[in-house]
Amino acid sequence: AGVYNKIPGDGREFCVTVSQALSVRAEDGRYVNNCNVSGFISNLPAPPPTNGHAPRPPDTKHFSSGEASGSTSQAANVVEALEMKTSAFLVDEDVSAANFMARDGRMRALVMDESITPLLYRVNGLYQTHGVSSVIVVGGVGDWLDVPHNVILMEKYSCFDATAKARSVSKQFSHGHVQYAGRGVVHRLEWDEDEHTPIPRRPTEATAKDLDSNNTVLG
C-alpha cells in the first residue's frame with residue numbers, strides 16, 4: 001500500500017514500502033512479447049499439427065503470446081519486474097495462479113513432467129542472486145512456511161511475529177526436502193543468472209536521452 005496513492009487518514013500512512021516494490025499477480029489473457037520465462041516455464045508442448053505441419057514447441061526463453069494463461073502471465077510479470085530492477089515482489093495468493101504459486105508433494109508425485117516451476121521454489125534463489133525480496137500473503141498453502149525468513153501472522157486485525165512457530169510447524173509437517181526433477185532440492189532451487197535473467201528489451205539511459213533529444217516516438 002505504501003507505493004500507491006491513498007486517502008489521508010485511512011490508516012495506510014502507517015505503512016512504509018520501498019519505492020521499487022512491485023505488485024505481481026496473474027493476468028489471464030494479457031499480451032506477452034519476447035519474455036524469458038524459462039526460470040518458471042519450460043517444456044511446453046507443441047501445438048497440434050495443422051495441414052500436415054508440425055509446429056515447434058514454444059521457446060520459453062523468448063516467450064510470446066497474444067493470450068497468456070494465468071501462470072504464464074504471472075511468470076511474465078515477475079520477469080518484467082526484474083527487468084525494471086524491482087527490489088521486492090508483493091504477491092497475494094488470492095489473485096495469483098495456483099499452479100504458479102506452489103505444488104505440493106502429492107501433485108509432484110502424480111505429475112512428474114510438469115512444465116511449471118512454482119514461485120515457491122524460486123523466491124530464495126531470486127533473493128540470493130538478485131537481492132529481490134518477496135512479501136507473500138497466503139492463507140491456504142502451508143508449504144510457504146518452509147521458505148521464509150520472517151512470518152507475520154494477522155489475527156483479528158492485529159499482527160504478530162510468528163516466525164518461530166512457523167519454523168516449528170514446517171519441521172513438524174515437512175517430510176524432507178526432496179529433489180525436484182534432478183535440478184536441486186525443493187524450495188531451494190538456485191536462480192541461474194545466465195539462463196533465466198530477463199532479456200534487455202528497454203532503452204538504456206544513454207539511448208533514452210538520445211531519444212528524448214531527437215523527440216523520437218517509439219511505436
# chains A, B, ... in the order shown; residues from 1 in each chain; ligands from 1
call {"tool": "closest_atom_pairs", "arguments": {"of": "region 104-130 of chain A", "to": "region 70-78 of chain A", "cutoff": "12 Å", "atoms": "only C-alpha atoms", "output": "Markdown table"}}
result
| residue | atom | partner | partner_atom | distance |
| --- | --- | --- | --- | --- |
| A:Ser115 | CA | A:Ser71 | CA | 10.4 |
| A:Ile116 | CA | A:Ser71 | CA | 8.0 |
| A:Thr117 | CA | A:Ala75 | CA | 9.8 |
| A:Pro118 | CA | A:Ser71 | CA | 9.0 |
| A:Leu119 | CA | A:Ala75 | CA | 8.4 |
| A:Arg122 | CA | A:Val78 | CA | 11.0 |
| A:Val123 | CA | A:Val78 | CA | 10.8 |
| A:Leu126 | CA | A:Val78 | CA | 10.5 |
call {"tool": "residues_around", "arguments": {"residues": "region 21-23 of chain A", "least_positions_apart": "3", "cutoff": "7 Å", "atoms": "only C-alpha atoms", "output": "VMD selection string"}}
result
chain A and resid 17 to 18 81 86 to 91
call {"tool": "write_last_selection", "arguments": {"atoms": "N, CA, C and O atoms", "output": "CSV table (one decimal), in the first residue's frame"}}
result
chain,number,residue,atom,x,y,z
A,17,THR,N,6.7,1.4,2.3
A,17,THR,CA,7.1,0.4,1.3
A,17,THR,C,8.2,1.1,0.5
A,17,THR,O,8.1,2.3,0.2
A,18,VAL,N,9.3,0.3,0.2
A,18,VAL,CA,10.3,0.9,-0.7
A,18,VAL,C,9.7,1.2,-2.1
A,18,VAL,O,8.8,0.5,-2.5
A,81,ALA,N,9.2,-7.4,-13.8
A,81,ALA,CA,9.5,-6.7,-12.6
A,81,ALA,C,11.0,-6.7,-12.4
A,81,ALA,O,11.6,-5.7,-12.0
A,86,THR,N,13.2,-4.1,-9.8
A,86,THR,CA,12.5,-4.1,-8.5
A,86,THR,C,13.3,-4.6,-7.4
A,86,THR,O,14.2,-5.5,-7.6
A,87,SER,N,13.0,-4.2,-6.2
A,87,SER,CA,13.7,-4.7,-5.0
A,87,SER,C,12.8,-5.6,-4.2
A,87,SER,O,13.3,-6.3,-3.3
A,88,ALA,N,11.5,-5.7,-4.5
A,88,ALA,CA,10.6,-6.5,-3.7
A,88,ALA,C,9.4,-6.8,-4.5
A,88,ALA,O,8.8,-6.0,-5.2
A,89,PHE,N,9.0,-8.1,-4.5
A,89,PHE,CA,7.7,-8.5,-5.0
A,89,PHE,C,6.6,-8.5,-4.0
A,89,PHE,O,6.8,-9.0,-2.8
A,90,LEU,N,5.5,-8.0,-4.3
A,90,LEU,CA,4.3,-8.0,-3.4
A,90,LEU,C,3.3,-9.0,-4.0
A,90,LEU,O,2.7,-8.6,-5.1
A,91,VAL,N,3.0,-10.1,-3.4
A,91,VAL,CA,2.2,-11.1,-4.0
A,91,VAL,C,1.1,-11.6,-3.1
A,91,VAL,O,1.3,-11.9,-1.9
call {"tool": "select_by_dssp", "arguments": {"residues": "region 9-191 of chain A", "states": "alpha helix (DSSP H)", "output": "ChimeraX atom specification"}}
result
/A:70-83,98-101,105-110,123-130,163-173
call {"tool": "select_by_dssp", "arguments": {"residues": "region 43-123 of chain A", "states": "strand (DSSP E or B)", "output": "CSV table (one decimal) with all heavy atoms, in the first residue's frame"}}
result
chain,number,residue,atom,x,y,z
A,50,THR,N,-1.2,-28.8,-38.0
A,50,THR,CA,-2.2,-28.2,-38.9
A,50,THR,C,-1.8,-28.3,-40.3
A,50,THR,O,-0.6,-28.0,-40.6
A,50,THR,CB,-2.5,-26.8,-38.5
A,50,THR,OG1,-1.3,-26.0,-38.6
A,50,THR,CG2,-3.1,-26.6,-37.1
A,53,HIS,N,1.5,-29.8,-41.0
A,53,HIS,CA,2.7,-29.1,-40.5
A,53,HIS,C,2.7,-29.2,-39.0
A,53,HIS,O,1.8,-28.9,-38.3
A,53,HIS,CB,2.7,-27.6,-40.9
A,53,HIS,CG,3.8,-26.8,-40.3
A,53,HIS,ND1,5.1,-27.0,-40.6
A,53,HIS,CD2,3.8,-25.9,-39.3
A,53,HIS,CE1,5.9,-26.2,-39.9
A,53,HIS,NE2,5.1,-25.5,-39.1
A,63,PHE,N,9.6,-16.1,-24.9
A,63,PHE,CA,8.1,-16.4,-24.9
A,63,PHE,C,7.3,-15.2,-25.4
A,63,PHE,O,7.4,-14.1,-24.9
A,63,PHE,CB,7.7,-16.9,-23.5
A,63,PHE,CG,6.3,-17.3,-23.4
A,63,PHE,CD1,5.8,-18.5,-23.9
A,63,PHE,CD2,5.3,-16.4,-22.9
A,63,PHE,CE1,4.5,-18.9,-23.8
A,63,PHE,CE2,4.0,-16.8,-22.8
A,63,PHE,CZ,3.6,-18.0,-23.3
A,64,SER,N,6.3,-15.5,-26.3
A,64,SER,CA,5.4,-14.6,-26.7
A,64,SER,C,4.0,-15.2,-26.8
A,64,SER,O,3.9,-16.4,-27.1
A,64,SER,CB,5.7,-14.0,-28.1
A,64,SER,OG,7.0,-13.4,-28.1
A,65,SER,N,3.0,-14.4,-26.5
A,65,SER,CA,1.6,-14.9,-26.5
A,65,SER,C,0.6,-13.8,-26.6
A,65,SER,O,0.8,-12.7,-26.0
A,65,SER,CB,1.3,-15.8,-25.3
A,65,SER,OG,-0.1,-16.1,-25.2
A,88,ALA,N,11.5,-5.7,-4.5
A,88,ALA,CA,10.6,-6.5,-3.7
A,88,ALA,C,9.4,-6.8,-4.5
A,88,ALA,O,8.8,-6.0,-5.2
A,88,ALA,CB,10.2,-5.8,-2.4
A,89,PHE,N,9.0,-8.1,-4.5
A,89,PHE,CA,7.7,-8.5,-5.0
A,89,PHE,C,6.6,-8.5,-4.0
A,89,PHE,O,6.8,-9.0,-2.8
A,89,PHE,CB,7.8,-10.0,-5.6
A,89,PHE,CG,8.8,-10.2,-6.7
A,89,PHE,CD1,9.8,-11.1,-6.6
A,89,PHE,CD2,8.7,-9.4,-7.9
A,89,PHE,CE1,10.7,-11.3,-7.6
A,89,PHE,CE2,9.6,-9.6,-8.9
A,89,PHE,CZ,10.6,-10.6,-8.7
A,90,LEU,N,5.5,-8.0,-4.3
A,90,LEU,CA,4.3,-8.0,-3.4
A,90,LEU,C,3.3,-9.0,-4.0
A,90,LEU,O,2.7,-8.6,-5.1
A,90,LEU,CB,3.7,-6.6,-3.2
A,90,LEU,CG,4.7,-5.5,-2.8
A,90,LEU,CD1,4.0,-4.2,-2.7
A,90,LEU,CD2,5.4,-5.9,-1.4
A,91,VAL,N,3.0,-10.1,-3.4
A,91,VAL,CA,2.2,-11.1,-4.0
A,91,VAL,C,1.1,-11.6,-3.1
A,91,VAL,O,1.3,-11.9,-1.9
A,91,VAL,CB,3.1,-12.4,-4.4
A,91,VAL,CG1,2.2,-13.4,-5.2
A,91,VAL,CG2,4.3,-12.0,-5.2
A,92,ASP,N,-0.1,-11.6,-3.6
A,92,ASP,CA,-1.3,-12.0,-2.9
A,92,ASP,C,-1.8,-13.4,-3.4
A,92,ASP,O,-2.1,-13.4,-4.6
A,92,ASP,CB,-2.4,-11.0,-2.9
A,92,ASP,CG,-3.5,-11.3,-2.0
A,92,ASP,OD1,-3.7,-12.4,-1.5
A,92,ASP,OD2,-4.3,-10.3,-1.6
A,116,ILE,N,5.8,-26.2,-15.1
A,116,ILE,CA,5.9,-25.0,-14.3
A,116,ILE,C,6.7,-25.3,-13.1
A,116,ILE,O,6.5,-26.2,-12.4
A,116,ILE,CB,4.5,-24.6,-13.9
A,116,ILE,CG1,3.6,-24.3,-15.1
A,116,ILE,CG2,4.5,-23.3,-13.0
A,116,ILE,CD1,2.1,-24.0,-14.7
call {"tool": "decode", "arguments": {"residues": "region 81-98 of chain A", "atoms": "N, CA, C and O atoms", "output": "PDB file, in the first residue's frame"}}
result
ATOM      1  N   ALA A  81       9.172  -7.431 -13.832  1.00  0.00           N
ATOM      2  CA  ALA A  81       9.530  -6.693 -12.616  1.00  0.00           C
ATOM      3  C   ALA A  81      11.038  -6.740 -12.386  1.00  0.00           C
ATOM      4  O   ALA A  81      11.644  -5.744 -11.959  1.00  0.00           O
ATOM      5  N   LEU A  82      11.659  -7.887 -12.690  1.00  0.00           N
ATOM      6  CA  LEU A  82      13.116  -7.982 -12.593  1.00  0.00           C
ATOM      7  C   LEU A  82      13.786  -7.042 -13.588  1.00  0.00           C
ATOM      8  O   LEU A  82      14.802  -6.410 -13.282  1.00  0.00           O
ATOM      9  N   GLU A  83      13.217  -6.961 -14.797  1.00  0.00           N
ATOM     10  CA  GLU A  83      13.751  -6.040 -15.803  1.00  0.00           C
ATOM     11  C   GLU A  83      13.733  -4.600 -15.295  1.00  0.00           C
ATOM     12  O   GLU A  83      14.632  -3.806 -15.593  1.00  0.00           O
ATOM     13  N   MET A  84      12.713  -4.273 -14.539  1.00  0.00           N
ATOM     14  CA  MET A  84      12.550  -2.907 -14.038  1.00  0.00           C
ATOM     15  C   MET A  84      13.339  -2.664 -12.755  1.00  0.00           C
ATOM     16  O   MET A  84      13.183  -1.631 -12.107  1.00  0.00           O
ATOM     17  N   LYS A  85      14.173  -3.641 -12.384  1.00  0.00           N
ATOM     18  CA  LYS A  85      15.061  -3.524 -11.217  1.00  0.00           C
ATOM     19  C   LYS A  85      14.279  -3.390  -9.920  1.00  0.00           C
ATOM     20  O   LYS A  85      14.641  -2.604  -9.029  1.00  0.00           O
ATOM     21  N   THR A  86      13.195  -4.143  -9.789  1.00  0.00           N
ATOM     22  CA  THR A  86      12.454  -4.115  -8.544  1.00  0.00           C
ATOM     23  C   THR A  86      13.312  -4.641  -7.397  1.00  0.00           C
ATOM     24  O   THR A  86      14.221  -5.454  -7.610  1.00  0.00           O
ATOM     25  N   SER A  87      13.005  -4.210  -6.197  1.00  0.00           N
ATOM     26  CA  SER A  87      13.723  -4.714  -5.030  1.00  0.00           C
ATOM     27  C   SER A  87      12.847  -5.620  -4.182  1.00  0.00           C
ATOM     28  O   SER A  87      13.335  -6.265  -3.255  1.00  0.00           O
ATOM     29  N   ALA A  88      11.535  -5.674  -4.514  1.00  0.00           N
ATOM     30  CA  ALA A  88      10.630  -6.520  -3.729  1.00  0.00           C
ATOM     31  C   ALA A  88       9.376  -6.846  -4.539  1.00  0.00           C
ATOM     32  O   ALA A  88       8.812  -5.969  -5.203  1.00  0.00           O
ATOM     33  N   PHE A  89       8.967  -8.113  -4.466  1.00  0.00           N
ATOM     34  CA  PHE A  89       7.689  -8.543  -5.046  1.00  0.00           C
ATOM     35  C   PHE A  89       6.623  -8.520  -3.959  1.00  0.00           C
ATOM     36  O   PHE A  89       6.850  -8.985  -2.846  1.00  0.00           O
ATOM     37  N   LEU A  90       5.461  -7.987  -4.289  1.00  0.00           N
ATOM     38  CA  LEU A  90       4.313  -8.028  -3.398  1.00  0.00           C
ATOM     39  C   LEU A  90       3.288  -8.958  -4.044  1.00  0.00           C
ATOM     40  O   LEU A  90       2.747  -8.640  -5.109  1.00  0.00           O
ATOM     41  N   VAL A  91       3.033 -10.106  -3.423  1.00  0.00           N
ATOM     42  CA  VAL A  91       2.219 -11.148  -4.049  1.00  0.00           C
ATOM     43  C   VAL A  91       1.100 -11.566  -3.103  1.00  0.00           C
ATOM     44  O   VAL A  91       1.347 -11.858  -1.927  1.00  0.00           O
ATOM     45  N   ASP A  92      -0.123 -11.600  -3.626  1.00  0.00           N
ATOM     46  CA  ASP A  92      -1.280 -12.043  -2.860  1.00  0.00           C
ATOM     47  C   ASP A  92      -1.774 -13.353  -3.449  1.00  0.00           C
ATOM     48  O   ASP A  92      -2.077 -13.426  -4.645  1.00  0.00           O
ATOM     49  N   GLU A  93      -1.863 -14.372  -2.623  1.00  0.00           N
ATOM     50  CA  GLU A  93      -2.309 -15.689  -3.064  1.00  0.00           C
ATOM     51  C   GLU A  93      -3.680 -15.623  -3.742  1.00  0.00           C
ATOM     52  O   GLU A  93      -3.947 -16.371  -4.693  1.00  0.00           O
ATOM     53  N   ASP A  94      -4.555 -14.734  -3.281  1.00  0.00           N
ATOM     54  CA  ASP A  94      -5.926 -14.667  -3.790  1.00  0.00           C
ATOM     55  C   ASP A  94      -6.013 -14.270  -5.256  1.00  0.00           C
ATOM     56  O   ASP A  94      -6.977 -14.626  -5.937  1.00  0.00           O
ATOM     57  N   VAL A  95      -5.055 -13.492  -5.758  1.00  0.00           N
ATOM     58  CA  VAL A  95      -5.112 -13.029  -7.142  1.00  0.00           C
ATOM     59  C   VAL A  95      -3.975 -13.615  -7.967  1.00  0.00           C
ATOM     60  O   VAL A  95      -3.588 -13.062  -9.000  1.00  0.00           O
ATOM     61  N   SER A  96      -3.452 -14.749  -7.526  1.00  0.00           N
ATOM     62  CA  SER A  96      -2.364 -15.419  -8.220  1.00  0.00           C
ATOM     63  C   SER A  96      -2.839 -16.741  -8.815  1.00  0.00           C
ATOM     64  O   SER A  96      -3.859 -17.296  -8.393  1.00  0.00           O
ATOM     65  N   ALA A  97      -2.097 -17.222  -9.795  1.00  0.00           N
ATOM     66  CA  ALA A  97      -2.384 -18.524 -10.383  1.00  0.00           C
ATOM     67  C   ALA A  97      -1.924 -19.612  -9.423  1.00  0.00           C
ATOM     68  O   ALA A  97      -0.752 -19.637  -9.022  1.00  0.00           O
ATOM     69  N   ALA A  98      -2.816 -20.500  -9.036  1.00  0.00           N
ATOM     70  CA  ALA A  98      -2.494 -21.511  -8.022  1.00  0.00           C
ATOM     71  C   ALA A  98      -1.312 -22.373  -8.433  1.00  0.00           C
ATOM     72  O   ALA A  98      -0.422 -22.651  -7.621  1.00  0.00           O
TER      73      ALA A  98
END
